[in-house]
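Enquirer: This is the structure I want to talk about, given as structure tokens.
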Amino acid sequence: MNADRPVRVRFAPSPTGYLHVGGARTALYNFLFARKHHGKFILRIEDTDRSRYVPDSVDDIMASLRWLGITWDEGPDVGGPYGPYVQSQRVELYRQYTHQLVEQGHAYYCFCSEERLQSLREMQRRLKLRTGYDRKCRNLSPEEVQKNLDQQVPYVIRLKVPLEGSTTFHDLLRGDITYPNSELEDIILLKSDGFPTYHLANVVDDHLMEISHVLRADEWIPSTPYHQLLYQAFGWDPPIFAHLPVILSPDGKGKLSKRHGATAVREFREQGYLPEALVNFLALLGWSPGSDREIVSLEEMIELFDLKKVGKRGAVFDYQKLLWMNGEYIRSLTDEELYQRALPYMEAAGLIQNDADREKFRAVVPLIKERIKTLAEAPDHAEFFYREPETYDEKGLRKHLKDPGVFHRLRLVVERLQALDDFTVASVEQAIRGLAEALGVGAGKLIHPTRLAVTGRTRGPGLFELMAVLGKETCIRRIQKFIQRFEGTEVHSTTP
Ligand code: GLU
């Protein structure tokens, strides 16, 4: 084992879809490990399975990683001394290495047709045998091989797995893992289209790119004995393996999947999560900084990250906890930062169209900061600052409209507001509290119906604060509209 090699780790996604949070967690752990040990973090695109290739996924993977703040030292776009970093650009290399294995007797040509393999599988299933290749071509004579090649019979190249004994590799988190060779198959290394399989390309690249540690999801454990055999066949030192715990659904009963909610990084971005919150949350999926602390910055994670503290047990993906964490991060932003980050969501919702709208949003931000858990919630919480309420909270209406004095009190509120020269938080508060005192009623008797009339809601930021942002005319107009619309109605719904 090569514990003394300089640390070089990689994230090697297959571009088969948008970056999943599981992939992001793998990338993050590799990134943290590299930074912690002053090593290199490499991004390598494993796109040799052309049938599963999704064209825009490479862009999505790179954009999502960057958005999370996970940057790479070598990779497809930034280059590096071990490139190219896209496997489809390295096909010739894989071909050469596979043929080297054939020449050395570790791999062989297989000319079996798809039809033969199909009926083999069917037969094995019928007889309830293990499915897998029956090694028919493993012992073809050199002459038979040559004849087939001359006749241009399509072929694949397979690994010659030892028929006896067992294959053991060491996992940093789990110790030695052993597979009897009788349970391994002569897997394909080079496909008939000339492209390598994952196994071959992955091992060749990890070797050529001098990868010191392979940190990847535990679903790859069954692949690792094949990789181990390939390292042996090539005579190369394998990297150190550590397989990361699986990410479980919120109920802990199975793997996290789309059924449970968002799984792609881009979805969390669209839903208004902050990258630093998502990174913090992902870091704790299987790793703990060693205390009960939950809010940890990227710098601290780098400082504290320790592979030995990564667990083996599956880590539950708790959406509620992520939401809570995001709220914490939102509150830790300055008003200006929150303004900048929430602006795109306000624009997308059509609430902000010009400079005046934008200016107003600066005043709105501190009022909603305590109340939102995602950036995408900002438009809903800020809507009444931009649009007159069309509908009113039903419960609120039911409560206030059965109070016979409510319209009279609202008229008095309007009067007091009209008399104000200076429409500030303090002056509005004084006006309304002064009125309550004069009427001998609790301030709530004025505050709650006024809130409903002005915002359409029963909850929200402080009433005096929001009224000061809305301004005198708007507040008065809304209260009058409310009076006009509901006075004398028995209300059962919001549309009288
Ligand atoms: N291309 C594999 C994937 O999509 C990489 C697995 C590994 O890291 O070896 O996850």
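Labeling convention for the structure tokens: chains A, B, ... as they appear, residues from 1 per chain, ligands from 1 in order of appearance.
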Give me, as a ChimeraX atom specification, the set of residues whose atoms come within 7 Å of any atom of ligand 1, counting only C-alpha atoms and all ligand atoms.

Expert: /A:11-14,46,198,202,214-216,220

Enquirer: Can you tell me, as a list in words, what residues are no more than 12 Å from His37 in chain A when counting only C-alpha atoms, ignoring any on the same chain fewer than 2 positions away?

Expert: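 Counting only the stated atoms, we get Asp4, Arg5, Pro6, Val7, Arg8, Val9, Asn30, Phe31, Leu32, Phe33, Ala34, Arg35, Gly39, Lys40, Phe41, Ser212, His213, Ile302, Glu303, Leu304, Phe305, Asp306 and Leu307 of chain A.
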
Enquirer: Limited to N, CA and C atoms, could you put the picked residues into a file as a tab-separated table (two decimals), in the first residue's frame?

Expert:
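Dumped to result_29.tsv:
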```
chain	number	residue	atom	x	y	z
A	4	ASP	N	2.49	6.68	1.60
A	4	ASP	CA	3.36	7.86	1.54
A	4	ASP	C	3.27	8.64	0.23
A	5	ARG	N	2.49	8.12	-0.70
A	5	ARG	CA	2.36	8.85	-1.97
A	5	ARG	C	1.77	10.22	-1.73
A	6	PRO	N	2.12	11.19	-2.57
A	6	PRO	CA	1.40	12.47	-2.46
A	6	PRO	C	-0.10	12.23	-2.70
A	7	VAL	N	-0.92	12.94	-1.98
A	7	VAL	CA	-2.36	12.72	-2.11
A	7	VAL	C	-2.87	13.25	-3.44
A	8	ARG	N	-3.44	12.34	-4.21
A	8	ARG	CA	-4.13	12.71	-5.46
A	8	ARG	C	-5.43	11.92	-5.48
A	9	VAL	N	-6.53	12.62	-5.42
A	9	VAL	CA	-7.83	11.94	-5.42
A	9	VAL	C	-8.67	12.46	-6.56
A	30	ASN	N	-13.80	13.89	-1.38
A	30	ASN	CA	-12.51	13.87	-2.09
A	30	ASN	C	-11.83	15.24	-2.03
A	31	PHE	N	-12.64	16.26	-2.25
A	31	PHE	CA	-12.13	17.65	-2.21
A	31	PHE	C	-11.57	17.98	-0.83
A	32	LEU	N	-12.33	17.65	0.22
A	32	LEU	CA	-11.88	17.95	1.59
A	32	LEU	C	-10.59	17.20	1.90
A	33	PHE	N	-10.56	15.94	1.48
A	33	PHE	CA	-9.39	15.12	1.75
A	33	PHE	C	-8.16	15.69	1.05
A	34	ALA	N	-8.35	16.09	-0.19
A	34	ALA	CA	-7.22	16.67	-0.95
A	34	ALA	C	-6.73	17.97	-0.30
A	35	ARG	N	-7.67	18.84	0.05
A	35	ARG	CA	-7.27	20.12	0.63
A	35	ARG	C	-6.59	19.91	1.99
A	39	GLY	N	-3.09	18.00	-1.16
A	39	GLY	CA	-2.93	17.19	-2.36
A	39	GLY	C	-3.72	17.79	-3.52
A	40	LYS	N	-3.95	16.96	-4.52
A	40	LYS	CA	-4.68	17.44	-5.71
A	40	LYS	C	-6.01	16.74	-5.82
A	41	PHE	N	-6.99	17.50	-6.28
A	41	PHE	CA	-8.32	16.96	-6.53
A	41	PHE	C	-8.59	17.03	-8.02
A	212	SER	N	-3.90	8.36	-5.48
A	212	SER	CA	-3.40	7.71	-4.27
A	212	SER	C	-4.52	7.05	-3.46
A	213	HIS	N	-5.71	7.68	-3.47
A	213	HIS	CA	-6.84	7.17	-2.68
A	213	HIS	C	-8.09	7.20	-3.55
A	302	ILE	N	-12.33	21.48	6.07
A	302	ILE	CA	-11.02	21.09	5.55
A	302	ILE	C	-10.07	20.80	6.72
A	303	GLU	N	-10.11	21.67	7.66
A	303	GLU	CA	-9.27	21.56	8.85
A	303	GLU	C	-9.57	20.26	9.63
A	304	LEU	N	-10.86	19.96	9.77
A	304	LEU	CA	-11.27	18.86	10.67
A	304	LEU	C	-11.44	17.53	9.96
A	305	PHE	N	-11.50	17.54	8.62
A	305	PHE	CA	-11.89	16.31	7.92
A	305	PHE	C	-10.90	15.18	8.19
A	306	ASP	N	-11.47	14.01	8.50
A	306	ASP	CA	-10.64	12.86	8.81
A	306	ASP	C	-11.38	11.62	8.29
A	307	LEU	N	-10.75	10.94	7.35
A	307	LEU	CA	-11.39	9.76	6.77
A	307	LEU	C	-11.76	8.73	7.83
```

Enquirer: Excluding Glu383 in chain A and residues on its chain fewer than 3 positions from it, collect all residues at most 10 Å away from it, counting only C-alpha atoms, and give them as a PyMOL selection string.

Expert: chain A and resi 346+349-352+378-380+386-389+455

Enquirer: Which residue gives the smallest distance to Arg10 in chain A among A:Asp150, A:Glu210, A:Glu276, A:Glu92, with only C-alpha atoms counted?

Expert: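 Looking at the shortest contact to Arg10 in chain A, the residue is A:Glu210.
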
Enquirer: Any chance you could list, as a PyMOL selection string, the residues in range 227-264 of chain A that come up helix (DSSP H, G or I) when DSSP is run on the backbone?

Expert: chain A and resi 227-234+258-260

Enquirer: Store the residues of this selection in a file with all heavy atoms, as a compact mmCIF listing (two decimals), in the first residue's frame.

Expert:
```
# COMPACT_ATOMS: atom_id res chain seq x y z
N HIS A 227 -11.07 -4.74 -9.91
CA HIS A 227 -10.02 -3.72 -10.04
C HIS A 227 -8.72 -4.24 -9.43
O HIS A 227 -7.65 -4.05 -9.99
CB HIS A 227 -10.47 -2.41 -9.37
CG HIS A 227 -11.74 -1.86 -9.95
ND1 HIS A 227 -12.34 -0.71 -9.53
CD2 HIS A 227 -12.53 -2.33 -10.96
CE1 HIS A 227 -13.43 -0.49 -10.24
NE2 HIS A 227 -13.57 -1.46 -11.12
N GLN A 228 -8.88 -4.90 -8.30
CA GLN A 228 -7.72 -5.50 -7.64
C GLN A 228 -7.02 -6.48 -8.58
O GLN A 228 -5.78 -6.46 -8.73
CB GLN A 228 -8.20 -6.21 -6.37
CG GLN A 228 -7.11 -6.82 -5.52
CD GLN A 228 -6.31 -5.76 -4.79
OE1 GLN A 228 -6.74 -4.60 -4.67
NE2 GLN A 228 -5.12 -6.14 -4.34
N LEU A 229 -7.80 -7.34 -9.25
CA LEU A 229 -7.21 -8.30 -10.19
C LEU A 229 -6.53 -7.58 -11.34
O LEU A 229 -5.48 -8.01 -11.83
CB LEU A 229 -8.30 -9.24 -10.72
CG LEU A 229 -8.80 -10.30 -9.72
CD1 LEU A 229 -10.01 -11.04 -10.29
CD2 LEU A 229 -7.68 -11.30 -9.38
N LEU A 230 -7.14 -6.49 -11.78
CA LEU A 230 -6.52 -5.73 -12.88
C LEU A 230 -5.19 -5.12 -12.44
O LEU A 230 -4.21 -5.17 -13.19
CB LEU A 230 -7.48 -4.65 -13.39
CG LEU A 230 -8.59 -5.15 -14.31
CD1 LEU A 230 -9.67 -4.08 -14.51
CD2 LEU A 230 -8.01 -5.56 -15.68
N TYR A 231 -5.16 -4.55 -11.25
CA TYR A 231 -3.89 -4.00 -10.76
C TYR A 231 -2.83 -5.10 -10.71
O TYR A 231 -1.68 -4.91 -11.12
CB TYR A 231 -4.06 -3.36 -9.37
CG TYR A 231 -4.70 -2.00 -9.43
CD1 TYR A 231 -6.01 -1.82 -9.02
CD2 TYR A 231 -4.00 -0.90 -9.91
CE1 TYR A 231 -6.62 -0.57 -9.09
CE2 TYR A 231 -4.59 0.35 -9.98
CZ TYR A 231 -5.91 0.51 -9.57
OH TYR A 231 -6.50 1.74 -9.66
N GLN A 232 -3.23 -6.27 -10.22
CA GLN A 232 -2.28 -7.39 -10.16
C GLN A 232 -1.80 -7.77 -11.56
O GLN A 232 -0.61 -7.96 -11.79
CB GLN A 232 -2.93 -8.61 -9.52
CG GLN A 232 -2.97 -8.55 -8.00
CD GLN A 232 -3.89 -9.62 -7.41
OE1 GLN A 232 -4.26 -10.58 -8.09
NE2 GLN A 232 -4.27 -9.43 -6.16
N ALA A 233 -2.76 -7.87 -12.49
CA ALA A 233 -2.40 -8.30 -13.85
C ALA A 233 -1.43 -7.30 -14.49
O ALA A 233 -0.48 -7.68 -15.17
CB ALA A 233 -3.66 -8.43 -14.69
N PHE A 234 -1.65 -6.04 -14.26
CA PHE A 234 -0.76 -5.02 -14.84
C PHE A 234 0.55 -4.91 -14.06
O PHE A 234 1.52 -4.33 -14.54
CB PHE A 234 -1.45 -3.64 -14.82
CG PHE A 234 -2.45 -3.44 -15.93
CD1 PHE A 234 -3.79 -3.19 -15.64
CD2 PHE A 234 -2.06 -3.48 -17.27
CE1 PHE A 234 -4.71 -2.98 -16.66
CE2 PHE A 234 -2.98 -3.28 -18.29
CZ PHE A 234 -4.31 -3.03 -17.99
N LYS A 258 -35.65 9.69 -6.13
CA LYS A 258 -36.53 10.81 -6.52
C LYS A 258 -37.87 10.77 -5.81
O LYS A 258 -38.50 11.80 -5.62
CB LYS A 258 -36.78 10.74 -8.03
CG LYS A 258 -35.61 11.18 -8.86
CD LYS A 258 -36.08 11.59 -10.26
CE LYS A 258 -34.90 11.98 -11.12
NZ LYS A 258 -34.47 10.92 -12.01
N ARG A 259 -38.30 9.58 -5.46
CA ARG A 259 -39.59 9.44 -4.76
C ARG A 259 -39.64 10.28 -3.49
O ARG A 259 -40.70 10.67 -3.03
CB ARG A 259 -39.77 7.98 -4.35
CG ARG A 259 -40.61 7.17 -5.27
CD ARG A 259 -40.80 5.75 -4.76
NE ARG A 259 -39.56 5.12 -4.29
CZ ARG A 259 -39.43 4.62 -3.10
NH1 ARG A 259 -40.40 4.69 -2.22
NH2 ARG A 259 -38.29 4.02 -2.74
N HIS A 260 -38.47 10.46 -2.88
CA HIS A 260 -38.46 11.11 -1.57
C HIS A 260 -38.36 12.63 -1.64
O HIS A 260 -38.56 13.31 -0.65
CB HIS A 260 -37.29 10.57 -0.74
CG HIS A 260 -37.29 9.08 -0.64
ND1 HIS A 260 -36.39 8.28 -1.29
CD2 HIS A 260 -38.13 8.24 0.02
CE1 HIS A 260 -36.66 7.01 -1.04
NE2 HIS A 260 -37.71 6.95 -0.25
```

Enquirer: Might you pull out every residue within 10 Å of Ile70 in chain A, with only C-alpha atoms counted and same-chain residues fewer than 5 positions away left off, and present them as a list of chain:residue names?

Expert: A:Ala24, A:Ala27, A:Leu28, A:Tyr29, A:Asn30, A:Phe31, A:Leu32, A:Phe41, A:Met62, A:Ala63, A:Ser64, A:Leu65, A:Val279, A:Leu298

Enquirer: So that I have them on file, write out the residues from the current selection with C-alpha atoms, as a PDB file, in the first residue's frame.

Expert:
```
ATOM      1  CA  ALA A  24     -21.831  15.710  -4.698  1.00  0.00           C
ATOM      2  CA  ALA A  27     -16.904  14.875  -4.676  1.00  0.00           C
ATOM      3  CA  LEU A  28     -16.949  16.890  -1.457  1.00  0.00           C
ATOM      4  CA  TYR A  29     -15.164  14.208   0.582  1.00  0.00           C
ATOM      5  CA  ASN A  30     -12.510  13.873  -2.095  1.00  0.00           C
ATOM      6  CA  PHE A  31     -12.135  17.647  -2.213  1.00  0.00           C
ATOM      7  CA  LEU A  32     -11.880  17.953   1.591  1.00  0.00           C
ATOM      8  CA  PHE A  41      -8.318  16.955  -6.527  1.00  0.00           C
ATOM      9  CA  MET A  62     -19.322  21.023 -13.513  1.00  0.00           C
ATOM     10  CA  ALA A  63     -21.739  23.896 -12.869  1.00  0.00           C
ATOM     11  CA  SER A  64     -23.193  22.171  -9.812  1.00  0.00           C
ATOM     12  CA  LEU A  65     -19.764  21.434  -8.323  1.00  0.00           C
ATOM     13  CA  VAL A 279     -22.279  21.588   1.449  1.00  0.00           C
ATOM     14  CA  LEU A 298     -15.926  24.785   4.399  1.00  0.00           C
TER      15      LEU A 298
END
```

Enquirer: I need the residue nearest Pro142 in chain A from this list: A:Pro15, A:Gly440, A:Gly105, A:Gly311. Use only C-alpha atoms for the distance.

Expert: A:Gly105

Enquirer: Run DSSP on the backbone of this structure and report the residues of range 251-476 of chain A it assigns to strand (DSSP E or B), as a PyMOL selection string.

Expert: chain A and resi 255+264+287+310+315-316

Enquirer: Limited to N, CA and C atoms, could you put the picked residues into a file as a CSV table (one decimal), in the first residue's frame?

Expert:
```
chain,number,residue,atom,x,y,z
A,255,LYS,N,-32.5,3.3,-0.3
A,255,LYS,CA,-31.6,4.3,-0.8
A,255,LYS,C,-32.5,5.5,-1.1
A,264,ALA,N,-31.2,16.0,-7.3
A,264,ALA,CA,-30.2,16.6,-8.1
A,264,ALA,C,-29.8,17.9,-7.4
A,287,TRP,N,-20.1,11.7,8.0
A,287,TRP,CA,-18.9,12.2,8.7
A,287,TRP,C,-19.3,13.2,9.8
A,310,VAL,N,-15.2,8.8,9.1
A,310,VAL,CA,-16.3,8.5,8.2
A,310,VAL,C,-16.9,7.2,8.6
A,315,ALA,N,-26.2,6.8,5.8
A,315,ALA,CA,-26.5,8.1,6.4
A,315,ALA,C,-27.9,8.6,5.9
A,316,VAL,N,-28.8,8.9,6.8
A,316,VAL,CA,-30.1,9.3,6.4
A,316,VAL,C,-30.2,10.7,5.9
```

Enquirer: If we count only C-alpha atoms and set the cut-off at 7 Å, which residues sit around range 422-430 of chain A, ignoring sequence neighbours fewer than 2 positions away in its own chain? Please answer as a ChimeraX atom specification.

Expert: /A:420,432-434,464-465,468,471-472

Enquirer: For Asp218 in chain A, please output as a PyMOL selection string all residues within 6 Å (counting only C-alpha atoms; exclusion window: fewer than 3 positions along the same chain).

Expert: chain A and resi 221+243-245

Enquirer: Write out, as a PDB file, in the first residue's frame, the residues just selected, with all heavy atoms.

Expert:
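Heads up, here's the output in out.pdb:
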```pdb
ATOM      1  N   ILE A 221     -18.237  -1.404  -4.172  1.00  0.00           N
ATOM      2  CA  ILE A 221     -17.470  -2.472  -3.506  1.00  0.00           C
ATOM      3  C   ILE A 221     -17.416  -3.747  -4.357  1.00  0.00           C
ATOM      4  O   ILE A 221     -16.327  -4.303  -4.545  1.00  0.00           O
ATOM      5  CB  ILE A 221     -18.035  -2.762  -2.089  1.00  0.00           C
ATOM      6  CG1 ILE A 221     -17.708  -1.578  -1.163  1.00  0.00           C
ATOM      7  CG2 ILE A 221     -17.471  -4.067  -1.513  1.00  0.00           C
ATOM      8  CD1 ILE A 221     -18.264  -1.712   0.248  1.00  0.00           C
ATOM      9  N   HIS A 243     -14.672   3.103   0.793  1.00  0.00           N
ATOM     10  CA  HIS A 243     -16.019   3.192   0.215  1.00  0.00           C
ATOM     11  C   HIS A 243     -16.945   3.895   1.196  1.00  0.00           C
ATOM     12  O   HIS A 243     -17.059   3.501   2.352  1.00  0.00           O
ATOM     13  CB  HIS A 243     -16.515   1.794  -0.158  1.00  0.00           C
ATOM     14  CG  HIS A 243     -15.778   1.229  -1.335  1.00  0.00           C
ATOM     15  ND1 HIS A 243     -14.640   0.455  -1.202  1.00  0.00           N
ATOM     16  CD2 HIS A 243     -15.978   1.379  -2.663  1.00  0.00           C
ATOM     17  CE1 HIS A 243     -14.183   0.133  -2.416  1.00  0.00           C
ATOM     18  NE2 HIS A 243     -14.980   0.691  -3.318  1.00  0.00           N
ATOM     19  N   LEU A 244     -17.577   4.920   0.705  1.00  0.00           N
ATOM     20  CA  LEU A 244     -18.375   5.824   1.556  1.00  0.00           C
ATOM     21  C   LEU A 244     -19.764   5.254   1.795  1.00  0.00           C
ATOM     22  O   LEU A 244     -20.311   4.573   0.929  1.00  0.00           O
ATOM     23  CB  LEU A 244     -18.470   7.196   0.882  1.00  0.00           C
ATOM     24  CG  LEU A 244     -17.125   7.786   0.440  1.00  0.00           C
ATOM     25  CD1 LEU A 244     -17.346   9.092  -0.331  1.00  0.00           C
ATOM     26  CD2 LEU A 244     -16.234   8.026   1.652  1.00  0.00           C
ATOM     27  N   PRO A 245     -20.337   5.553   2.961  1.00  0.00           N
ATOM     28  CA  PRO A 245     -21.636   4.960   3.286  1.00  0.00           C
ATOM     29  C   PRO A 245     -22.744   5.426   2.350  1.00  0.00           C
ATOM     30  O   PRO A 245     -22.736   6.561   1.860  1.00  0.00           O
ATOM     31  CB  PRO A 245     -21.907   5.454   4.713  1.00  0.00           C
ATOM     32  CG  PRO A 245     -21.055   6.651   4.886  1.00  0.00           C
ATOM     33  CD  PRO A 245     -19.838   6.429   4.036  1.00  0.00           C
TER      34      PRO A 245
END
```

Enquirer: Could you state the separation of CA of Phe385 in chain A and CA of Ala348 in chain A in Å, given to one decimal place?

Expert: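 According to the coordinates, CA of Phe385 in chain A and CA of Ala348 in chain A are separated by 16.1 Å.
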
Enquirer: Go ahead and compute the interatomic distance for CA of Ala283 in chain A and CA of Gly69 in chain A, in Å to one decimal.

Expert: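 These two atoms are separated by 12.8 Å.
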
Enquirer: Which residue, A:Phe317, A:Ala342, A:Asp73, A:Thr458, has the smallest gap to Lys253 in chain A when you use only C-alpha atoms?

Expert: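 The answer is A:Phe317, which sits nearest to Lys253 in chain A.
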
Enquirer: How many Å separate CA of Leu101 in chain A from CA of Leu200 in chain A?

Expert: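 Between CA of Leu101 in chain A and CA of Leu200 in chain A the gap works out to 10.8 Å.
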
Enquirer: Taking into account only C-alpha atoms, which residue in the set A:Tyr226, A:Pro289, A:Thr26, A:Arg358 is nearest to Thr197 in chain A?

Expert: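 Smallest separation from Thr197 in chain A among the options: A:Tyr226.
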